[in-house]
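Note sheet for the following structure.
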Amino acid sequence: MRIFVYLRKQKMTIENICIYYLAGINLLTFLVYGIDKWKARHTKWRISEATLLGLAIIGGSIGAWLGMKIWHHKTMHKKFKYGIPFILLLQIAATLKYLRVY
């Protein structure tokens, strides 16, 4: 509950909103990769690869990369093995370009 009080008192600049968004989407992505790995081990209904890649594209690339490394999930699929680091590099480049503009 304290986190919500803290967030309300913060000045909501575009930078703060981006930081909170990226923290949230990366945590969500990391957890979704872990859930999908659990489902894979227990032969349950899986989360689609499009969803996993989509979460990385909308800002969760760090969470996806960590999920791959920690959960050992999707590490042999080429679109994940090379795609996630590529998405991460693109997002880093976009962030650096944004920071140089302001």
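All residue names refer to the structure tokens as shown: chains lettered A, B, ... in order, residues numbered from 1 in each chain, ligands numbered from 1 in order.
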
Out of region 22-65 of chain A, which residues get helix (DSSP H, G or I) from DSSP, as a ChimeraX atom specification?
/A:22-41,49-65

Phe86 (chain A) surroundings by only C-alpha atoms, 12 Å radius, close-in-sequence under 4 positions cut, as a PyMOL selection string:
chain A and resi 53+56-57+61-62+64-65+78-82+90-93

For the residues selected in the previous step, produce a file with C-alpha atoms as a PDB file, in the first residue's frame.
```pdb
ATOM      1  CA  LEU A  53       7.767 -11.950 -28.576  1.00  0.00           C
ATOM      2  CA  ALA A  56       9.499  -8.109 -25.658  1.00  0.00           C
ATOM      3  CA  ILE A  57       8.614  -5.729 -28.492  1.00  0.00           C
ATOM      4  CA  SER A  61      13.017  -7.249 -23.802  1.00  0.00           C
ATOM      5  CA  ILE A  62      15.115  -7.222 -20.626  1.00  0.00           C
ATOM      6  CA  ALA A  64      12.362 -11.693 -21.851  1.00  0.00           C
ATOM      7  CA  TRP A  65      16.142 -12.051 -21.961  1.00  0.00           C
ATOM      8  CA  LYS A  78      16.372 -19.072 -33.350  1.00  0.00           C
ATOM      9  CA  LYS A  79      13.695 -16.381 -33.299  1.00  0.00           C
ATOM     10  CA  PHE A  80      14.191 -16.086 -29.535  1.00  0.00           C
ATOM     11  CA  LYS A  81      17.934 -16.783 -29.395  1.00  0.00           C
ATOM     12  CA  TYR A  82      18.664 -13.995 -31.888  1.00  0.00           C
ATOM     13  CA  LEU A  90      17.002  -1.714 -30.923  1.00  0.00           C
ATOM     14  CA  GLN A  91      15.357  -0.526 -27.722  1.00  0.00           C
ATOM     15  CA  ILE A  92      18.697   0.550 -26.259  1.00  0.00           C
ATOM     16  CA  ALA A  93      19.486   2.462 -29.460  1.00  0.00           C
TER      17      ALA A  93
END
```

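Remark: for His73 (chain A), the closest of the candidate residues A:Ile14, A:Val32, A:Leu99, A:Ile58 is A:Val32 (distances computed over only C-alpha atoms).
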
Excluding Asn26 (chain A) and its own-chain neighbours fewer than 3 positions away, which residues fall within 8 Å of it when counting only C-alpha atoms? Please give them as an MDAnalysis selection string.
chainID A and resid 22:23 29:30 59:64

Next, write the just-selected residues to a file, as a PDB file, in the first residue's frame, keeping C-alpha atoms as the atom set.
```pdb
ATOM      1  CA  LEU A  22       9.424  -0.379 -18.350  1.00  0.00           C
ATOM      2  CA  ALA A  23       9.824  -1.786 -14.846  1.00  0.00           C
ATOM      3  CA  THR A  29       7.388 -10.449 -19.233  1.00  0.00           C
ATOM      4  CA  PHE A  30       9.822 -12.222 -16.920  1.00  0.00           C
ATOM      5  CA  GLY A  59       9.294  -2.905 -23.896  1.00  0.00           C
ATOM      6  CA  GLY A  60       9.832  -6.178 -22.047  1.00  0.00           C
ATOM      7  CA  SER A  61      13.017  -7.249 -23.802  1.00  0.00           C
ATOM      8  CA  ILE A  62      15.115  -7.222 -20.626  1.00  0.00           C
ATOM      9  CA  GLY A  63      12.501  -9.348 -18.849  1.00  0.00           C
ATOM     10  CA  ALA A  64      12.362 -11.693 -21.851  1.00  0.00           C
TER      11      ALA A  64
END
```

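We find CA of Ile17 (chain A) and CA of Gly67 (chain A) to be spaced 23.6 Å apart.
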
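With only C-alpha atoms as the basis for measurement, A:Leu88 is the residue among A:Ile19, A:Leu88, A:Thr95, A:Lys11 that approaches Leu55 (chain A) most closely.
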
With distances taken over only C-alpha atoms, which residue among A:Met12, A:Met68, A:Leu89, A:Met76 lies nearest Ile35 (chain A)?
A:Met68

Asp36 (chain A) environment, 10 Å, only C-alpha atoms, sequence neighbours closer than 6 positions dropped, as a short mmCIF file (atom, residue, chain, number, x, y, z; two decimals) with N, CA and C atoms, in the first residue's frame:
```
data_model
loop_
_atom_site.label_atom_id
_atom_site.label_comp_id
_atom_site.auth_asym_id
_atom_site.auth_seq_id
_atom_site.Cartn_x
_atom_site.Cartn_y
_atom_site.Cartn_z
N HIS A 42 4.67 -29.19 -17.40
CA HIS A 42 3.48 -29.89 -16.91
C HIS A 42 2.46 -30.16 -18.01
N LYS A 44 0.73 -28.36 -20.02
CA LYS A 44 -0.48 -27.54 -19.95
C LYS A 44 -0.60 -26.71 -21.22
N TRP A 45 -1.72 -26.00 -21.36
CA TRP A 45 -1.94 -25.09 -22.47
C TRP A 45 -0.89 -23.99 -22.41
N ARG A 46 -0.16 -23.78 -23.51
CA ARG A 46 1.00 -22.88 -23.53
C ARG A 46 0.64 -21.46 -23.94
N ILE A 47 1.52 -20.55 -23.60
CA ILE A 47 1.43 -19.16 -24.03
C ILE A 47 2.06 -19.10 -25.42
N SER A 48 1.41 -18.42 -26.36
CA SER A 48 1.89 -18.42 -27.74
C SER A 48 3.23 -17.69 -27.87
N GLU A 49 4.01 -18.13 -28.86
CA GLU A 49 5.28 -17.47 -29.12
C GLU A 49 5.07 -16.02 -29.53
N LEU A 52 4.81 -14.04 -26.38
CA LEU A 52 6.12 -13.89 -25.74
C LEU A 52 6.98 -12.86 -26.47
N TRP A 71 15.05 -19.08 -16.56
CA TRP A 71 14.15 -20.23 -16.67
C TRP A 71 14.66 -21.25 -17.69
N HIS A 73 14.42 -21.04 -20.94
CA HIS A 73 13.22 -21.20 -21.74
C HIS A 73 13.41 -20.55 -23.11
N LYS A 74 13.09 -21.29 -24.15
CA LYS A 74 13.15 -20.82 -25.54
C LYS A 74 14.58 -20.47 -25.96
#
```
